[in-house]
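Listing of input.pdb; format and content: PDB, C-alpha atoms.
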ATOM      1  CA  MET A  53     -12.318  -0.644 -22.180  1.00  0.00           C
ATOM      2  CA  GLY A  54     -12.632   2.256 -19.742  1.00  0.00           C
ATOM      3  CA  LEU A  55     -11.471   5.804 -20.314  1.00  0.00           C
ATOM      4  CA  LEU A  56      -8.321   5.363 -18.238  1.00  0.00           C
ATOM      5  CA  ASP A  57      -7.407   2.346 -20.374  1.00  0.00           C
ATOM      6  CA  GLU A  58      -8.056   4.436 -23.500  1.00  0.00           C
ATOM      7  CA  ALA A  59      -5.767   7.176 -22.127  1.00  0.00           C
ATOM      8  CA  ILE A  60      -3.017   4.615 -21.559  1.00  0.00           C
ATOM      9  CA  VAL A  61      -3.406   3.327 -25.114  1.00  0.00           C
ATOM     10  CA  TYR A  62      -3.247   6.914 -26.398  1.00  0.00           C
ATOM     11  CA  ALA A  63      -0.057   7.511 -24.396  1.00  0.00           C
ATOM     12  CA  LYS A  64       1.489   4.307 -25.758  1.00  0.00           C
ATOM     13  CA  GLU A  65       0.646   5.386 -29.316  1.00  0.00           C
ATOM     14  CA  GLU A  66       2.400   8.727 -28.795  1.00  0.00           C
ATOM     15  CA  PHE A  67       5.434   7.504 -26.851  1.00  0.00           C
ATOM     16  CA  THR A  68       8.046   4.801 -27.224  1.00  0.00           C
ATOM     17  CA  GLY A  69      10.670   3.092 -25.083  1.00  0.00           C
ATOM     18  CA  ASP A  70      11.818   4.982 -22.013  1.00  0.00           C
ATOM     19  CA  ASP A  71       9.010   7.509 -22.355  1.00  0.00           C
ATOM     20  CA  MET A  72       6.459   4.904 -21.287  1.00  0.00           C
ATOM     21  CA  VAL A  73       8.656   3.912 -18.352  1.00  0.00           C
ATOM     22  CA  HIS A  74       8.515   7.556 -17.251  1.00  0.00           C
ATOM     23  CA  MET A  75       4.728   7.674 -17.690  1.00  0.00           C
ATOM     24  CA  GLN A  76       4.229   4.494 -15.680  1.00  0.00           C
ATOM     25  CA  THR A  77       6.536   5.726 -12.927  1.00  0.00           C
ATOM     26  CA  ILE A  78       4.677   9.043 -12.680  1.00  0.00           C
ATOM     27  CA  ALA A  79       1.327   7.227 -12.717  1.00  0.00           C
ATOM     28  CA  ASN A  80       2.441   4.908  -9.894  1.00  0.00           C
ATOM     29  CA  TYR A  81       3.533   7.831  -7.708  1.00  0.00           C
ATOM     30  CA  ALA A  82       0.424   9.823  -8.569  1.00  0.00           C
ATOM     31  CA  HIS A  83      -1.844   6.887  -7.752  1.00  0.00           C
ATOM     32  CA  ALA A  84      -0.210   6.360  -4.357  1.00  0.00           C
ATOM     33  CA  LEU A  85      -0.468  10.077  -3.586  1.00  0.00           C
ATOM     34  CA  ALA A  86      -4.111  10.207  -4.705  1.00  0.00           C
ATOM     35  CA  GLN A  87      -4.969   7.303  -2.415  1.00  0.00           C
ATOM     36  CA  LYS A  88      -3.121   8.866   0.515  1.00  0.00           C
ATOM     37  CA  CYS A  89      -4.787  12.266   0.025  1.00  0.00           C
ATOM     38  CA  GLY A  90      -8.238  11.036  -0.943  1.00  0.00           C
ATOM     39  CA  ALA A  91      -8.035  12.606  -4.407  1.00  0.00           C
ATOM     40  CA  ASP A  92     -10.073  11.461  -7.388  1.00  0.00           C
ATOM     41  CA  GLU A  93      -7.902   8.631  -8.700  1.00  0.00           C
ATOM     42  CA  GLU A  94      -9.294   8.710 -12.232  1.00  0.00           C
ATOM     43  CA  ILE A  95      -8.544  12.439 -12.613  1.00  0.00           C
ATOM     44  CA  VAL A  96      -5.059  12.008 -11.183  1.00  0.00           C
ATOM     45  CA  LEU A  97      -4.183   8.970 -13.271  1.00  0.00           C
ATOM     46  CA  ILE A  98      -5.416  10.420 -16.557  1.00  0.00           C
ATOM     47  CA  ALA A  99      -3.399  13.574 -15.871  1.00  0.00           C
ATOM     48  CA  ALA A 100      -0.352  11.489 -14.927  1.00  0.00           C
ATOM     49  CA  TYR A 101      -0.432   9.404 -18.093  1.00  0.00           C
ATOM     50  CA  LEU A 102      -1.083  12.344 -20.408  1.00  0.00           C
ATOM     51  CA  HIS A 103       0.927  15.141 -18.769  1.00  0.00           C
ATOM     52  CA  ASP A 104       3.729  14.878 -21.360  1.00  0.00           C
ATOM     53  CA  ILE A 105       1.605  13.763 -24.310  1.00  0.00           C
ATOM     54  CA  SER A 106       2.690  16.730 -26.470  1.00  0.00           C
ATOM     55  CA  GLN A 107       6.443  16.070 -26.097  1.00  0.00           C
ATOM     56  CA  PRO A 108       6.910  13.951 -29.260  1.00  0.00           C
ATOM     57  CA  ARG A 109       5.089  16.497 -31.460  1.00  0.00           C
ATOM     58  CA  PHE A 110       6.099  19.812 -29.918  1.00  0.00           C
ATOM     59  CA  SER A 111       9.267  19.108 -27.916  1.00  0.00           C
ATOM     60  CA  GLY A 112       9.569  20.682 -24.484  1.00  0.00           C
ATOM     61  CA  HIS A 113       8.515  24.276 -25.117  1.00  0.00           C
ATOM     62  CA  GLU A 114       5.343  24.941 -23.083  1.00  0.00           C
ATOM     63  CA  HIS A 115       4.585  21.257 -23.206  1.00  0.00           C
ATOM     64  CA  ASN A 116       2.324  21.525 -20.162  1.00  0.00           C
ATOM     65  CA  VAL A 117      -0.033  23.849 -22.055  1.00  0.00           C
ATOM     66  CA  LYS A 118       0.055  21.789 -25.229  1.00  0.00           C
ATOM     67  CA  SER A 119      -0.364  18.538 -23.305  1.00  0.00           C
ATOM     68  CA  ALA A 120      -3.414  19.953 -21.510  1.00  0.00           C
ATOM     69  CA  GLU A 121      -4.909  20.999 -24.869  1.00  0.00           C
ATOM     70  CA  MET A 122      -4.293  17.593 -26.449  1.00  0.00           C
ATOM     71  CA  THR A 123      -5.723  15.867 -23.385  1.00  0.00           C
ATOM     72  CA  ALA A 124      -8.848  18.048 -23.477  1.00  0.00           C
ATOM     73  CA  GLU A 125      -9.379  17.122 -27.149  1.00  0.00           C
ATOM     74  CA  PHE A 126      -8.926  13.440 -26.353  1.00  0.00           C
ATOM     75  CA  LEU A 127     -11.344  13.558 -23.422  1.00  0.00           C
ATOM     76  CA  LYS A 128     -13.989  15.532 -25.348  1.00  0.00           C
ATOM     77  CA  LYS A 129     -13.798  12.996 -28.151  1.00  0.00           C
ATOM     78  CA  HIS A 130     -14.564  10.297 -25.587  1.00  0.00           C
ATOM     79  CA  GLY A 131     -17.545  12.165 -24.104  1.00  0.00           C
ATOM     80  CA  TYR A 132     -15.875  12.973 -20.797  1.00  0.00           C
ATOM     81  CA  PRO A 133     -17.783  15.580 -18.750  1.00  0.00           C
ATOM     82  CA  GLU A 134     -16.516  19.164 -19.155  1.00  0.00           C
ATOM     83  CA  GLU A 135     -16.079  19.720 -15.410  1.00  0.00           C
ATOM     84  CA  ARG A 136     -13.850  16.649 -15.170  1.00  0.00           C
ATOM     85  CA  ILE A 137     -11.888  17.737 -18.247  1.00  0.00           C
ATOM     86  CA  LYS A 138     -11.153  21.023 -16.469  1.00  0.00           C
ATOM     87  CA  ARG A 139      -9.895  19.140 -13.435  1.00  0.00           C
ATOM     88  CA  VAL A 140      -7.606  16.918 -15.507  1.00  0.00           C
ATOM     89  CA  THR A 141      -6.174  19.807 -17.507  1.00  0.00           C
ATOM     90  CA  ALA A 142      -5.637  21.845 -14.322  1.00  0.00           C
ATOM     91  CA  ALA A 143      -3.678  18.918 -12.886  1.00  0.00           C
ATOM     92  CA  ILE A 144      -1.503  18.822 -15.997  1.00  0.00           C
TER      93      ILE A 144
END
Let me see whether you can do it: turn the structure in this file into structure tokens.
Amino acid sequence: MGLLDEAIVYAKEEFTGDDMVHMQTIANYAHALAQKCGADEEIVLIAAYLHDISQPRFSGHEHNVKSAEMTAEFLKKHGYPEERIKRVTAAI
């Protein structure tokens, strides 16, 4: 299983019901935009799936900051390169 697949599993563990519909919708739009603009699809898709990852734990207050922190922890745990982690968290 690749890192993107792991990120999707992580998102599914944190979210339920309509939340995953939202994540998939955002990921679909982000993927299309990344392809159109020539952006790094892996960076964009990981950010899309995990951009709201903190919502269930911390509600909406500064969720972008908390989601970026949780995503960085997740990516570090999976040995993702630091430069790419910075790009994902900046996208979030």
Go ahead and compute the interatomic distance for atom CA of Pro133 of chain A and atom CA of Ala120 of chain A, in Å to one decimal.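 Going from atom CA of Pro133 of chain A over to atom CA of Ala120 of chain A covers 15.3 Å.
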Residues within 9 Å of segment 55-67 of chain A, all atoms listed in the file, excluding chain neighbours under 5 positions, as an MDAnalysis selection string: chainID A and resid 72 75 94 97:98 101:102 104:109 123 126:127 130 132
Any chance you could work out the axis-aligned box around segment 109-122 of chain A, listed atoms only, 4 Å on each side, giving centre and edge lengths in Å to one decimal, as lines of an AutoDock Vina configuration file?
center_x = 2.3
center_y = 20.7
center_z = -25.8
size_x = 22.5
size_y = 16.4
size_z = 19.3
Point-to-point distance from atom CA of His83 of chain A to atom CA of Val96 of chain A, Å rounded to tenths: 7.0 Å
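Comparing the minimum interatomic distances between Ala143 of chain A and each of A:Ile78, A:Ile95, A:Val73, A:Ala124, counting all atoms listed in the file, we find that A:Ile95 sits nearest.
Of the residues listed (A:Lys128, A:Arg139, A:His103, A:Lys118), A:Arg139 shows the shortest atom-to-atom separation from Ala91 of chain A; distances use all atoms listed in the file.
The interatomic distance for the pair atom CA of Lys138 of chain A and atom CA of Ala100 of chain A works out to 14.5 Å.
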For the structure just given, write the atoms of segment 59-101 of chain A, namely C-alpha atoms, as a short mmCIF file (atom, residue, chain, number, x, y, z; two decimals), in the first residue's frame.
data_model
loop_
_atom_site.label_atom_id
_atom_site.label_comp_id
_atom_site.auth_asym_id
_atom_site.auth_seq_id
_atom_site.Cartn_x
_atom_site.Cartn_y
_atom_site.Cartn_z
CA ALA A 59 -3.51 8.71 3.99
CA ILE A 60 -6.94 7.69 2.70
CA VAL A 61 -7.16 4.93 5.31
CA TYR A 62 -6.15 7.44 8.00
CA ALA A 63 -8.86 9.84 6.81
CA LYS A 64 -11.46 7.05 6.85
CA GLU A 65 -10.46 6.14 10.41
CA GLU A 66 -10.95 9.74 11.55
CA PHE A 67 -14.13 10.53 9.63
CA THR A 68 -17.52 8.94 9.11
CA GLY A 69 -20.47 9.28 6.75
CA ASP A 70 -20.78 12.58 4.92
CA ASP A 71 -17.30 13.65 5.98
CA MET A 72 -15.74 11.10 3.64
CA VAL A 73 -18.01 12.26 0.82
CA HIS A 74 -16.60 15.75 1.36
CA MET A 75 -13.02 14.44 1.38
CA GLN A 76 -13.54 12.49 -1.83
CA THR A 77 -15.17 15.46 -3.52
CA ILE A 78 -12.29 17.76 -2.54
CA ALA A 79 -9.76 15.14 -3.65
CA ASN A 80 -11.47 14.78 -7.05
CA TYR A 81 -11.41 18.54 -7.65
CA ALA A 82 -7.85 18.84 -6.38
CA HIS A 83 -6.68 15.99 -8.61
CA ALA A 84 -8.24 17.56 -11.71
CA LEU A 85 -6.71 20.93 -10.85
CA ALA A 86 -3.29 19.38 -10.20
CA GLN A 87 -3.37 17.66 -13.58
CA LYS A 88 -4.45 20.85 -15.35
CA CYS A 89 -1.75 22.96 -13.65
CA GLY A 90 1.03 20.39 -13.69
CA ALA A 91 1.22 20.26 -9.89
CA ASP A 92 2.62 17.34 -7.92
CA GLU A 93 -0.43 15.09 -7.70
CA GLU A 94 0.75 13.17 -4.64
CA ILE A 95 1.29 16.38 -2.64
CA VAL A 96 -2.07 17.77 -3.72
CA LEU A 97 -4.01 14.58 -3.03
CA ILE A 98 -2.50 13.97 0.40
CA ALA A 99 -3.30 17.57 1.35
CA ALA A 100 -6.83 17.21 -0.05
CA TYR A 101 -7.60 14.06 1.91
#
